[in-house]
Structures are given as C-alpha cells and as structure tokens.
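*Asks:* Please find run_36.tsv (TSV, C-alpha atoms) on the next line:
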```tsv
chain	number	residue	atom	x	y	z
A	1	MET	CA	3.32	-9.16	-59.67
A	2	SER	CA	3.28	-12.79	-60.68
A	3	ASP	CA	-0.45	-13.61	-60.28
A	4	ASP	CA	-2.82	-12.02	-62.79
A	5	THR	CA	-6.19	-10.71	-61.61
A	6	ALA	CA	-8.22	-13.55	-63.12
A	7	SER	CA	-6.05	-16.19	-61.48
A	8	LEU	CA	-6.32	-14.47	-58.10
A	9	ASP	CA	-10.07	-14.15	-58.46
A	10	ASP	CA	-10.35	-17.87	-59.18
A	11	PHE	CA	-8.20	-18.65	-56.15
A	12	ARG	CA	-10.30	-16.35	-53.96
A	13	HIS	CA	-13.47	-18.04	-55.20
A	14	ASP	CA	-12.09	-21.52	-54.40
A	15	VAL	CA	-10.92	-20.49	-50.93
A	16	ARG	CA	-14.24	-18.79	-50.15
A	17	GLU	CA	-16.21	-21.85	-51.23
A	18	TRP	CA	-14.04	-24.20	-49.19
A	19	LEU	CA	-14.26	-22.05	-46.06
A	20	THR	CA	-18.02	-21.67	-46.44
A	21	SER	CA	-18.31	-25.47	-46.50
A	22	HIS	CA	-15.90	-26.20	-43.66
A	23	VAL	CA	-15.81	-23.39	-41.08
A	24	PRO	CA	-17.74	-24.57	-37.99
A	25	ALA	CA	-21.27	-23.18	-37.87
A	26	GLU	CA	-20.87	-22.26	-34.20
A	27	PRO	CA	-17.73	-20.48	-32.91
A	28	LEU	CA	-15.33	-22.75	-31.06
A	29	THR	CA	-14.86	-22.19	-27.35
A	30	SER	CA	-11.59	-20.56	-26.31
A	31	TRP	CA	-8.44	-22.56	-26.97
A	32	THR	CA	-7.28	-21.61	-23.45
A	33	ASP	CA	-9.21	-24.51	-21.91
A	34	PRO	CA	-8.53	-28.19	-22.72
A	35	GLU	CA	-11.84	-28.80	-24.52
A	36	GLY	CA	-11.48	-25.68	-26.62
A	37	PHE	CA	-7.90	-26.48	-27.47
A	38	ALA	CA	-8.88	-29.96	-28.66
A	39	ALA	CA	-11.55	-28.42	-30.90
A	40	HIS	CA	-9.07	-25.94	-32.38
A	41	ARG	CA	-6.60	-28.75	-32.96
A	42	GLU	CA	-9.25	-30.68	-34.87
A	43	TRP	CA	-9.88	-27.57	-37.00
A	44	GLU	CA	-6.17	-27.41	-37.80
A	45	ARG	CA	-6.45	-31.01	-39.00
A	46	VAL	CA	-9.35	-30.01	-41.29
A	47	LEU	CA	-7.22	-27.19	-42.75
A	48	TYR	CA	-4.34	-29.64	-43.29
A	49	GLU	CA	-6.52	-32.19	-45.05
A	50	GLY	CA	-7.91	-29.44	-47.26
A	51	GLY	CA	-4.41	-28.31	-48.22
A	52	TYR	CA	-4.72	-24.96	-46.46
A	53	ALA	CA	-2.54	-25.41	-43.36
A	54	ALA	CA	0.37	-23.37	-44.75
A	55	ILE	CA	-0.26	-22.41	-48.36
A	56	ASP	CA	2.81	-20.14	-48.43
A	57	TRP	CA	5.19	-23.02	-47.64
A	58	PRO	CA	7.18	-24.59	-50.49
A	59	ALA	CA	5.50	-27.58	-52.13
A	60	GLU	CA	8.40	-29.82	-51.10
A	61	TYR	CA	7.38	-29.25	-47.45
A	62	GLY	CA	3.66	-29.74	-48.02
A	63	GLY	CA	2.64	-26.18	-48.91
A	64	GLN	CA	1.24	-24.77	-52.14
A	65	ASP	CA	4.08	-22.42	-53.17
A	66	ALA	CA	1.26	-19.90	-53.05
A	67	GLY	CA	3.28	-16.72	-53.16
A	68	LEU	CA	2.53	-13.57	-51.21
A	69	LEU	CA	-0.51	-12.37	-53.14
A	70	ARG	CA	-2.35	-15.66	-52.68
A	71	SER	CA	-1.34	-15.68	-49.00
A	72	ILE	CA	-2.93	-12.24	-48.67
A	73	VAL	CA	-6.09	-13.42	-50.40
A	74	PHE	CA	-6.31	-16.49	-48.18
A	75	GLY	CA	-5.92	-14.38	-45.03
A	76	GLU	CA	-8.61	-11.95	-46.18
A	77	GLU	CA	-11.05	-14.77	-46.88
A	78	TYR	CA	-10.14	-16.62	-43.68
A	79	TYR	CA	-11.06	-13.67	-41.47
A	80	ARG	CA	-14.09	-12.77	-43.59
A	81	ALA	CA	-15.42	-16.30	-42.97
A	82	GLY	CA	-14.97	-15.99	-39.19
A	83	ALA	CA	-12.75	-19.08	-39.13
A	84	PRO	CA	-11.22	-20.20	-35.79
A	85	GLU	CA	-8.04	-18.74	-34.36
A	86	ARG	CA	-4.92	-20.68	-35.36
A	87	ILE	CA	-3.14	-22.48	-32.52
A	88	ASN	CA	0.14	-23.74	-33.99
A	89	MET	CA	1.56	-20.39	-35.01
A	90	GLY	CA	4.82	-21.14	-33.20
A	91	GLY	CA	5.32	-24.13	-35.46
A	92	LEU	CA	3.83	-22.89	-38.72
A	93	TYR	CA	5.12	-19.32	-38.78
A	94	LEU	CA	8.27	-19.51	-36.65
A	95	LEU	CA	9.91	-22.93	-36.34
A	96	GLY	CA	8.84	-24.26	-39.74
A	97	PRO	CA	10.46	-21.43	-41.74
A	98	VAL	CA	13.49	-21.51	-39.41
A	99	LEU	CA	14.00	-25.22	-40.07
A	100	MET	CA	13.77	-24.62	-43.81
A	101	GLN	CA	16.46	-21.96	-43.46
A	102	HIS	CA	18.78	-23.41	-40.80
A	103	GLY	CA	17.78	-27.03	-40.19
A	104	THR	CA	19.33	-30.20	-41.57
A	105	PRO	CA	17.42	-32.35	-44.08
A	106	GLU	CA	16.95	-34.91	-41.30
A	107	GLN	CA	15.45	-32.32	-38.96
A	108	CYS	CA	13.10	-31.05	-41.66
A	109	ALA	CA	11.94	-34.59	-42.44
A	110	ARG	CA	11.51	-35.34	-38.73
A	111	TRP	CA	9.58	-32.26	-37.57
A	112	ILE	CA	8.00	-30.38	-40.48
A	113	PRO	CA	5.28	-32.93	-41.46
A	114	ASP	CA	3.96	-33.03	-37.89
A	115	ILE	CA	4.01	-29.22	-37.67
A	116	LEU	CA	1.97	-28.98	-40.86
A	117	SER	CA	-0.62	-31.54	-39.73
A	118	CYS	CA	-0.73	-30.09	-36.19
A	119	ARG	CA	0.15	-33.52	-34.85
A	120	THR	CA	2.83	-31.69	-32.85
A	121	ILE	CA	2.23	-28.33	-31.16
A	122	TRP	CA	5.30	-26.14	-30.64
A	123	CYS	CA	5.97	-23.21	-28.33
A	124	GLN	CA	8.82	-20.71	-28.13
A	125	GLY	CA	11.20	-20.72	-25.15
A	126	PHE	CA	13.13	-17.45	-25.31
A	127	SER	CA	12.10	-15.22	-22.37
A	128	GLU	CA	13.23	-15.92	-18.83
A	129	PRO	CA	12.81	-14.14	-15.49
A	130	GLU	CA	15.04	-11.03	-15.72
A	131	SER	CA	15.82	-11.87	-19.36
A	132	GLY	CA	13.26	-10.49	-21.77
A	133	SER	CA	14.36	-7.59	-23.95
A	134	ASP	CA	17.97	-8.34	-23.02
A	135	LEU	CA	17.64	-11.85	-24.35
A	136	ALA	CA	21.38	-12.48	-24.46
A	137	SER	CA	21.42	-12.44	-20.64
A	138	LEU	CA	19.50	-15.75	-20.48
A	139	ARG	CA	20.67	-18.23	-17.85
A	140	THR	CA	19.13	-21.57	-18.87
A	141	ARG	CA	22.15	-23.85	-19.31
A	142	ALA	CA	22.74	-26.87	-21.51
A	143	ASP	CA	25.89	-28.76	-20.52
A	144	ARG	CA	27.31	-31.27	-22.98
A	145	ASP	CA	27.44	-34.91	-21.81
A	146	GLY	CA	28.47	-37.12	-24.70
A	147	ASP	CA	25.72	-37.17	-27.31
A	148	GLU	CA	23.33	-35.28	-25.05
A	149	PHE	CA	22.87	-31.91	-23.40
A	150	VAL	CA	21.72	-31.68	-19.78
A	151	VAL	CA	19.39	-28.69	-19.51
A	152	ASN	CA	18.66	-26.73	-16.32
A	153	GLY	CA	16.76	-23.46	-16.06
A	154	GLN	CA	13.42	-21.75	-16.53
A	155	LYS	CA	11.40	-20.15	-19.31
A	156	ILE	CA	8.45	-17.83	-18.74
A	157	TRP	CA	5.62	-16.16	-20.70
A	158	THR	CA	5.54	-19.19	-22.97
A	159	SER	CA	2.56	-18.82	-25.31
A	160	MET	CA	0.49	-22.03	-25.50
A	161	GLY	CA	3.09	-23.71	-23.29
A	162	ALA	CA	0.41	-25.53	-21.30
A	163	TYR	CA	-0.79	-27.35	-24.44
A	164	SER	CA	2.43	-27.78	-26.41
A	165	ASP	CA	4.29	-31.00	-27.11
A	166	TRP	CA	7.69	-29.46	-27.91
A	167	ILE	CA	9.54	-26.22	-27.28
A	168	PHE	CA	12.27	-24.55	-29.34
A	169	ALA	CA	14.46	-22.81	-26.79
A	170	LEU	CA	17.56	-20.69	-26.48
A	171	VAL	CA	20.05	-22.12	-23.99
A	172	ARG	CA	23.57	-21.16	-22.97
A	173	THR	CA	26.09	-23.81	-23.98
A	174	SER	CA	29.28	-21.79	-23.33
A	175	PRO	CA	29.94	-19.14	-20.68
A	176	VAL	CA	30.50	-15.49	-21.48
A	177	GLY	CA	34.27	-15.02	-21.41
A	178	GLU	CA	36.61	-12.10	-21.72
A	179	GLY	CA	36.51	-10.61	-25.21
A	180	ARG	CA	33.29	-12.44	-26.12
A	181	ARG	CA	29.86	-10.94	-26.66
A	182	LYS	CA	26.92	-12.07	-24.56
A	183	HIS	CA	25.35	-13.33	-27.79
A	184	ASP	CA	28.14	-15.88	-28.20
A	185	GLY	CA	27.70	-19.29	-26.60
A	186	ILE	CA	23.93	-19.45	-27.08
A	187	THR	CA	22.39	-22.46	-28.84
A	188	PHE	CA	18.96	-23.02	-30.44
A	189	LEU	CA	17.71	-26.35	-29.03
A	190	CYS	CA	14.47	-28.30	-29.58
A	191	ILE	CA	13.18	-30.06	-26.44
A	192	ASP	CA	10.42	-32.63	-26.02
A	193	LEU	CA	8.22	-31.31	-23.20
A	194	ARG	CA	7.34	-34.86	-22.20
A	195	SER	CA	10.96	-35.51	-21.21
A	196	PRO	CA	11.74	-36.42	-17.58
A	197	GLY	CA	12.65	-33.31	-15.60
A	198	VAL	CA	10.31	-30.92	-17.46
A	199	GLU	CA	7.64	-29.16	-15.39
A	200	VAL	CA	5.01	-26.99	-17.07
A	201	ARG	CA	3.05	-24.57	-14.87
A	202	PRO	CA	0.16	-22.72	-16.58
A	203	LEU	CA	-0.13	-18.99	-15.80
A	204	THR	CA	-3.55	-17.42	-15.27
A	205	MET	CA	-3.86	-14.13	-17.13
A	206	VAL	CA	-5.55	-10.96	-15.89
A	207	ASP	CA	-8.71	-11.85	-17.84
A	208	GLY	CA	-8.85	-15.33	-16.30
A	209	THR	CA	-7.57	-17.28	-19.31
A	210	ARG	CA	-4.57	-19.60	-19.18
A	211	GLY	CA	-2.77	-18.98	-22.44
A	212	PHE	CA	0.75	-18.80	-21.02
A	213	ALA	CA	2.95	-21.10	-18.97
A	214	GLU	CA	6.27	-21.09	-17.18
A	215	ILE	CA	8.47	-24.10	-17.86
A	216	PHE	CA	11.17	-25.52	-15.59
A	217	PHE	CA	14.00	-27.82	-16.68
A	218	THR	CA	15.78	-29.98	-14.12
A	219	ASP	CA	18.54	-32.20	-15.52
A	220	VAL	CA	16.58	-32.69	-18.75
A	221	ARG	CA	18.54	-34.78	-21.22
A	222	VAL	CA	18.26	-33.67	-24.87
A	223	PRO	CA	20.04	-35.25	-27.85
A	224	VAL	CA	22.71	-33.08	-29.46
A	225	GLU	CA	21.02	-33.81	-32.80
A	226	ASN	CA	18.17	-31.50	-31.65
A	227	VAL	CA	20.38	-28.43	-32.12
A	228	VAL	CA	19.21	-26.22	-35.01
A	229	GLY	CA	22.13	-24.41	-36.59
A	230	GLU	CA	25.55	-24.48	-34.94
A	231	ILE	CA	26.32	-25.17	-31.29
A	232	ASP	CA	27.11	-21.76	-29.72
A	233	GLY	CA	25.74	-20.16	-32.90
A	234	GLY	CA	22.08	-19.98	-31.93
A	235	TRP	CA	21.89	-16.19	-31.92
A	236	ALA	CA	21.71	-16.05	-35.72
A	237	VAL	CA	18.90	-18.62	-35.68
A	238	ALA	CA	17.11	-16.64	-32.97
A	239	MET	CA	17.30	-13.46	-35.04
A	240	SER	CA	15.73	-15.29	-37.98
A	241	THR	CA	12.93	-16.42	-35.66
A	242	LEU	CA	12.33	-12.91	-34.33
A	243	GLY	CA	12.33	-11.56	-37.87
A	244	PHE	CA	9.43	-13.88	-38.72
A	245	GLU	CA	7.67	-12.93	-35.46
A	246	ARG	CA	8.03	-9.17	-35.89
A	247	GLY	CA	7.41	-8.91	-39.60
A	248	ALA	CA	4.18	-8.59	-41.51
A	249	VAL	CA	2.06	-11.74	-41.67
A	250	PHE	CA	0.67	-11.47	-45.18
A	251	GLY	CA	-3.11	-11.52	-44.96
A	252	ASP	CA	-3.26	-10.81	-41.22
A	253	HIS	CA	-4.30	-7.21	-41.88
A	254	ALA	CA	-7.81	-8.53	-42.52
A	255	LYS	CA	-8.09	-9.48	-38.85
A	256	TYR	CA	-7.66	-5.85	-37.79
A	257	SER	CA	-10.07	-4.61	-40.45
A	258	LYS	CA	-12.64	-7.01	-39.03
A	259	ASP	CA	-11.93	-5.69	-35.53
A	260	VAL	CA	-12.72	-2.16	-36.74
A	261	ALA	CA	-15.95	-3.44	-38.32
A	262	ASN	CA	-16.85	-4.91	-34.93
A	263	LEU	CA	-15.99	-1.59	-33.31
A	264	ALA	CA	-18.43	0.11	-35.69
A	265	ARG	CA	-21.11	-2.33	-34.50
A	266	LEU	CA	-20.32	-1.40	-30.90
A	267	VAL	CA	-20.65	2.30	-31.79
A	268	ARG	CA	-24.10	1.69	-33.27
A	269	ALA	CA	-25.14	-0.52	-30.32
A	270	ARG	CA	-24.25	2.35	-27.98
A	271	ASP	CA	-26.36	4.77	-30.06
A	272	LEU	CA	-23.23	6.74	-30.95
A	273	ALA	CA	-23.67	6.64	-34.73
A	274	ASP	CA	-24.40	10.39	-34.77
A	275	ASP	CA	-21.78	11.32	-32.17
A	276	ALA	CA	-19.04	13.33	-33.91
A	277	SER	CA	-16.41	12.44	-31.31
A	278	ALA	CA	-17.14	8.70	-31.53
A	279	LEU	CA	-17.10	8.82	-35.33
A	280	ASP	CA	-13.77	10.64	-35.23
A	281	GLU	CA	-12.32	7.88	-33.03
A	282	LEU	CA	-13.73	5.21	-35.32
A	283	GLY	CA	-12.38	6.96	-38.39
A	284	ARG	CA	-8.93	7.24	-36.87
A	285	VAL	CA	-8.52	3.50	-36.30
A	286	PHE	CA	-10.14	2.74	-39.68
A	287	VAL	CA	-7.45	4.85	-41.36
A	288	GLU	CA	-4.74	2.98	-39.41
A	289	THR	CA	-5.99	-0.38	-40.68
A	290	GLU	CA	-6.24	0.90	-44.25
A	291	VAL	CA	-2.66	2.20	-44.06
A	292	TYR	CA	-1.52	-1.17	-42.76
A	293	ARG	CA	-3.43	-3.02	-45.50
A	294	ALA	CA	-1.81	-0.85	-48.16
A	295	ASN	CA	1.59	-1.45	-46.57
A	296	VAL	CA	1.11	-5.23	-46.65
A	297	TYR	CA	0.41	-5.09	-50.38
A	298	ARG	CA	3.38	-2.75	-50.87
A	299	LEU	CA	5.72	-5.15	-49.04
A	300	ALA	CA	4.39	-8.08	-51.05
A	301	GLU	CA	5.17	-6.24	-54.26
A	302	MET	CA	8.67	-5.43	-53.00
A	303	ALA	CA	9.30	-9.04	-51.98
A	304	GLU	CA	8.14	-10.27	-55.39
A	305	ARG	CA	10.84	-8.02	-56.91
A	306	GLY	CA	13.44	-9.62	-54.63
A	307	VAL	CA	13.80	-6.70	-52.20
A	308	ASP	CA	15.19	-7.74	-48.80
A	309	LEU	CA	12.53	-6.92	-46.19
A	310	THR	CA	14.69	-7.57	-43.13
A	311	SER	CA	14.86	-3.90	-42.20
A	312	THR	CA	11.05	-3.61	-42.21
A	313	ALA	CA	10.43	-6.16	-39.43
A	314	SER	CA	10.82	-3.73	-36.53
A	315	ILE	CA	8.79	-1.05	-38.33
A	316	ASN	CA	5.94	-3.50	-38.92
A	317	LYS	CA	6.06	-4.72	-35.34
A	318	VAL	CA	5.71	-1.21	-33.90
A	319	PHE	CA	2.93	-0.26	-36.32
A	320	TRP	CA	0.67	-3.30	-36.06
A	321	THR	CA	0.96	-3.65	-32.29
A	322	GLN	CA	0.18	0.04	-31.71
A	323	MET	CA	-2.69	-0.15	-34.20
A	324	GLN	CA	-4.11	-3.23	-32.49
A	325	TYR	CA	-3.95	-1.53	-29.09
A	326	ASP	CA	-5.61	1.63	-30.48
A	327	ILE	CA	-8.57	-0.39	-31.76
A	328	PHE	CA	-9.33	-2.11	-28.47
A	329	ASP	CA	-8.51	0.85	-26.26
A	330	THR	CA	-10.91	2.94	-28.36
A	331	GLY	CA	-13.65	0.35	-27.87
A	332	LEU	CA	-13.28	0.35	-24.10
A	333	ARG	CA	-13.30	4.13	-23.92
A	334	LEU	CA	-16.41	4.40	-26.07
A	335	MET	CA	-18.20	1.85	-23.90
A	336	GLU	CA	-17.61	4.07	-20.85
A	337	ASP	CA	-19.18	2.53	-17.71
A	338	ASP	CA	-20.12	-0.68	-19.53
A	339	ALA	CA	-16.44	-1.30	-20.19
A	340	VAL	CA	-15.89	-2.42	-16.61
A	341	VAL	CA	-18.18	-5.41	-17.22
A	342	VAL	CA	-15.54	-7.80	-18.42
A	343	GLY	CA	-16.78	-9.67	-21.46
A	344	ASP	CA	-20.48	-9.50	-20.45
A	345	PRO	CA	-22.62	-9.38	-23.62
A	346	SER	CA	-25.60	-8.14	-21.58
A	347	ALA	CA	-23.82	-4.77	-21.38
A	348	LEU	CA	-25.16	-4.25	-24.91
A	349	ALA	CA	-28.89	-4.57	-24.40
A	350	GLY	CA	-30.64	-5.36	-27.66
A	351	ALA	CA	-27.43	-5.87	-29.63
A	352	ASP	CA	-27.36	-8.46	-32.40
A	353	GLU	CA	-25.55	-11.75	-31.81
A	354	VAL	CA	-22.42	-10.81	-33.79
A	355	THR	CA	-22.02	-7.56	-31.85
A	356	ALA	CA	-22.59	-9.23	-28.48
A	357	ARG	CA	-20.06	-11.93	-29.33
A	358	ALA	CA	-17.50	-9.30	-30.38
A	359	TRP	CA	-17.95	-7.50	-27.09
A	360	ALA	CA	-17.61	-10.72	-25.10
A	361	ASP	CA	-14.14	-11.16	-26.58
A	362	TRP	CA	-13.15	-7.48	-26.41
A	363	HIS	CA	-11.48	-7.44	-23.00
A	364	HIS	CA	-9.40	-10.50	-23.75
A	365	ARG	CA	-8.21	-8.95	-27.02
A	366	TYR	CA	-7.53	-5.64	-25.25
A	367	TRP	CA	-5.17	-7.23	-22.73
A	368	TYR	CA	-3.52	-9.24	-25.49
A	369	SER	CA	-2.96	-6.04	-27.48
A	370	ARG	CA	-1.06	-4.57	-24.55
A	371	ALA	CA	1.09	-7.69	-24.32
A	372	ALA	CA	1.78	-7.54	-28.06
A	373	MET	CA	3.72	-4.31	-27.56
A	374	ILE	CA	6.06	-6.27	-25.27
A	375	PHE	CA	6.53	-9.74	-26.76
A	376	GLY	CA	8.88	-10.27	-29.68
A	377	GLY	CA	10.99	-7.35	-28.43
A	378	THR	CA	9.35	-4.34	-26.77
A	379	ASN	CA	8.30	-1.46	-28.97
A	380	GLU	CA	10.83	0.75	-27.19
A	381	ILE	CA	13.59	-1.64	-28.27
A	382	GLN	CA	12.17	-1.75	-31.80
A	383	ARG	CA	12.28	2.04	-32.04
A	384	ASN	CA	15.97	1.94	-31.09
A	385	ILE	CA	16.58	-0.64	-33.82
A	386	ILE	CA	14.73	1.51	-36.36
A	387	SER	CA	16.65	4.65	-35.44
A	388	GLU	CA	20.08	3.04	-35.36
A	389	ARG	CA	19.98	0.27	-37.96
A	390	VAL	CA	17.39	1.55	-40.44
A	391	LEU	CA	17.76	5.33	-40.25
A	392	GLY	CA	21.45	5.36	-39.29
A	393	LEU	CA	20.96	7.80	-36.41
A	394	PRO	CA	23.58	8.05	-33.60
A	395	LEU	CA	23.68	5.08	-31.25
A	396	GLU	CA	21.93	5.32	-27.91
A	397	PRO	CA	24.52	5.64	-25.11
A	398	ARG	CA	25.22	2.23	-23.55
A	399	LYS	CA	26.55	1.70	-20.07
```
Have the structure of the file written as structure tokens, please.
*Replies:*
Amino acid sequence: MSDDTASLDDFRHDVREWLTSHVPAEPLTSWTDPEGFAAHREWERVLYEGGYAAIDWPAEYGGQDAGLLRSIVFGEEYYRAGAPERINMGGLYLLGPVLMQHGTPEQCARWIPDILSCRTIWCQGFSEPESGSDLASLRTRADRDGDEFVVNGQKIWTSMGAYSDWIFALVRTSPVGEGRRKHDGITFLCIDLRSPGVEVRPLTMVDGTRGFAEIFFTDVRVPVENVVGEIDGGWAVAMSTLGFERGAVFGDHAKYSKDVANLARLVRARDLADDASALDELGRVFVETEVYRANVYRLAEMAERGVDLTSTASINKVFWTQMQYDIFDTGLRLMEDDAVVVGDPSALAGADEVTARAWADWHHRYWYSRAAMIFGGTNEIQRNIISERVLGLPLEPRK
C-alpha cells in the first residue's frame, strides 16, 4: 500500500497529539437537543480549522488527499480519544462525495466549502410514508414552472432533519408511463429548508430523543439549478448516495471495538468476569469486531489496487449493522433486570465514571442499532441484492 509504516506512525502521532489538545475535557451533551447540537457544531468548526473535517477528501475540495490507510488511522485515533459524535455526516460522507461525482463545478463551489466547515448542515430526504425499501414508489412531486420546480409532498425518518439547513431529496419530475420503469422520472434535488412552504416536525424517538423529523413541502419553489445530475435521471445519483451510505466507512470499525471494550467494563461491573456464559458472549462480539476490522483493512488494500468495491456495499451494510446490534443486545441481556432502567447509571453501583457513562448511553445506542438494520435499505433487501447481483443466484419471484 502507498503509505509506509514510518509515515503512518508519524501521521498517527500528529493526529493523537492534536486530538489530545483539542477534544473537549467533558463529553458534550446529546446533539438531539438545541444546546447539544450547537456544541457539536462548534466542535465540527474546530475540526475544520485543524484541517481534520474530511481528510479523505481531495485537496482541491479542502481535504488532505489522505488515502484510505490514513483515514483508517484517523478514525482509530478519533474514537480512542473519545471525541464527539459527528453531526454533518449527511453532508460530509454522502452529499459531498456525490457532488464531486455528479455535480457541476458551480454546485461544488457553491455547497462544498460550507459542508466542510459545517456552516451548512444537510439531511437526506429519501424515505416517505409507504415508500421506504421500495424507494422508486415515492410520491413527492416537483413540477416544472419555468426556471423553478414547485415541490409538494412529504419526507419521513429524516436524520437530523430538525437541525438541518438543507435537504437533498428525491422527487418525481415525470410520471410513470407505459413501458417505463418506476425508477425513471425521479430527480435528485437540493432544497433550502428555510424556503416558504417547508414545515419541519421533529419526531420523538422511543428513548425520548428527537433525532429524526418529518418534513412537509407545500408549493415550495426550488431553482432548477439545484438539480444534481440529470432531470429524470436522479436514480443513478441516488444509487451512488446509497453506495456511500451502505459501504464501509474507513476507520469506523474503531467505534465498534470501543463499544466492545465498554461491554467488557459492564461485564466486570456486574461481577461477571468469571462467568463462562458471559465471557462467551463477550468473546463472540469481540471476534465480530476483529473480523470487521480485518475486513476494513482488506478493502482498503483492494481499493488501493484499483479494485471496484461497489459489490461490497450491501455485504458491509449487513455485517456492520448486525454486529452493532449484537453488541448492544448482548449488553442488555447481560444486565438482566437492570436493563429495564433506561440509561440510569445508578444501575451500576460502584462503577467507575467511564463505565457509568457507557451504560447511560447504552439504551439509546441499542435502539439506534435496530434502526440501522432498516435505514439505507433493509438488511432483508441487502441479502436479496447480495444473492442476485453478487452471487448470481436465481432472482426472487416478483409479482
């Protein structure tokens, strides 16, 4: 691979030193409330000013041309340092790369700098009521009126929608006609959420947080120049977006390894360190995270050799979402009766601060892990894609 060991070690040292100097001494409050979101946004600004907002981006767009190995190292050090959760993932890891691939130079110049600096927060508007896995059945319309589209419809399960400034959405610009696929006539459109006719309604989750929103559009006027890709050709752009969403995030494996380390703390806090059954459960999820870590490095090596990783996106999505669920489900089962105390650190009498804090966040992460097996295309759908498109097995019967 392109980076030699000494160079990577120097990079790791520099990243570790910078994070040690800049990561907030006290954990930020949850981004799901306005005060916490403002604090996370300020942290994103610190990352940007330090040159670490998106090190994997090309230098021409403000990144470091870091390459996959350095991206892995940065992720490992980021989670080791206990740095805050990132809040502009929709912009940095989805829309930004999509604009570089499908956007015009004008669109890149207009939107990418503000994505990188977190001056603009973006959310994804794909899912609708009765249109989730069957995304091509979406009903939000955008009717052409001169140099503008008039948008009417609804999006739901919009991550960070309550705090976002813009949304990149799929809208139907042409009806489904005879001899046309449902995928035809869909357009990828960027919409300012401060536009007249936009209504954002936060959704309260089962754990009490408000990380999602439903968004309504009533005669919202959007310039035609906000179309990314071709009018009626948004399906190809959407597939690029989902590929980024489902694939491996290089360096993200360290987050799950840290979760297993926290699970080990919970096992000790419950006096289960000598319990063979508990150790077996802990070992099982540890092996899963080690397999995933090895796979991330394997994919990085393949990508460095120019191998197309498109076919791996669905495989990665199924593996990491199931692994994430296994970790948090195991924690709740090992906690037994204390697991019903949602996020109450006092359930671990005498536990150290790190362990108590991990437990306080455990329920929220558990419910998120269940949702992860649904968003970005349900795991059932991903298994169909793997069987049919990757393994070449017979197609599932369609009605």
*Asks:* Pick out the closest residue to Gly103 in chain A from this set: A:Ile215, A:Val237, A:Val73, A:Val23. Count all atoms listed in the file.
*Replies:*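 Closest to Gly103 in chain A, using all atoms listed in the file: A:Val237.
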*Asks:* State, in Å with one decimal place, the distance from CA of Asp114 in chain A to CA of Gly63 in chain A.
*Replies:*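 Computed distance, CA of Asp114 in chain A to CA of Gly63 in chain A, equals 13.0 Å.
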*Asks:* Which value, in Å to one decimal, gives the distance between CA of Ile381 in chain A and CA of Ser174 in chain A?
*Replies:* 26.0 Å
*Asks:* Could you give me the axis-aligned bounding box of range 50-55 of chain A, with 6 Å of padding per side, as centre plus edge lengths in Å to one decimal, as lines of an AutoDock Vina configuration file?
*Replies:*
```
center_x = -3.8
center_y = -25.9
center_z = -45.9
size_x = 20.3
size_y = 19.0
size_z = 17.0
```
*Asks:* Got a sec: who's within 12 Å of Pro397 in chain A, counting all atoms listed in the file, leaving out chain neighbours fewer than 3 positions off, as a list in words?
*Replies:* Asn384, Glu388 and Pro394 of chain A
*Asks:* Print the selection's residues with C-alpha atoms to a file, as a CSV table (one decimal), in the frame of the given file.
*Replies:*
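So the final result, stored in result23.csv, reads:
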```
chain,number,residue,atom,x,y,z
A,384,ASN,CA,16.0,1.9,-31.1
A,388,GLU,CA,20.1,3.0,-35.4
A,394,PRO,CA,23.6,8.0,-33.6
```
*Asks:* Which residue gives the smallest distance to Tyr93 in chain A among A:Ala236, A:Val176, A:Arg110, A:Leu242, with all atoms listed in the file counted?
*Replies:*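 Closest to Tyr93 in chain A, using all atoms listed in the file: A:Leu242.
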*Asks:* Restricting the calculation to only C-alpha atoms: of A:Ala38, A:Leu395, A:Ala136, A:Val171, which residue gets closest to Arg119 in chain A?
*Replies:*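 Of A:Ala38, A:Leu395, A:Ala136, A:Val171, the one nearest Arg119 in chain A, counting only C-alpha atoms, is A:Ala38.
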*Asks:* With a distance cut-off of 8 Å and only C-alpha atoms, select the neighbouring residues of Phe168 in chain A, excluding the residue or stretch itself and same-chain residues fewer than 6 positions from it, and output the selection as a list of chain:residue names.
*Replies:*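 My list of contacting residues is A:Leu95, A:Trp122, A:Cys123, A:Gln124, A:Gly125, A:Phe188, A:Leu189, A:Cys190, A:Ile191.
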*Asks:* Can you work out which one of A:Thr355, A:Pro175, A:Val220, A:Arg210 has the shortest atom-to-atom distance to Arg268 in chain A, counting all atoms listed in the file?
*Replies:*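 Closest to Arg268 in chain A, using all atoms listed in the file: A:Thr355.
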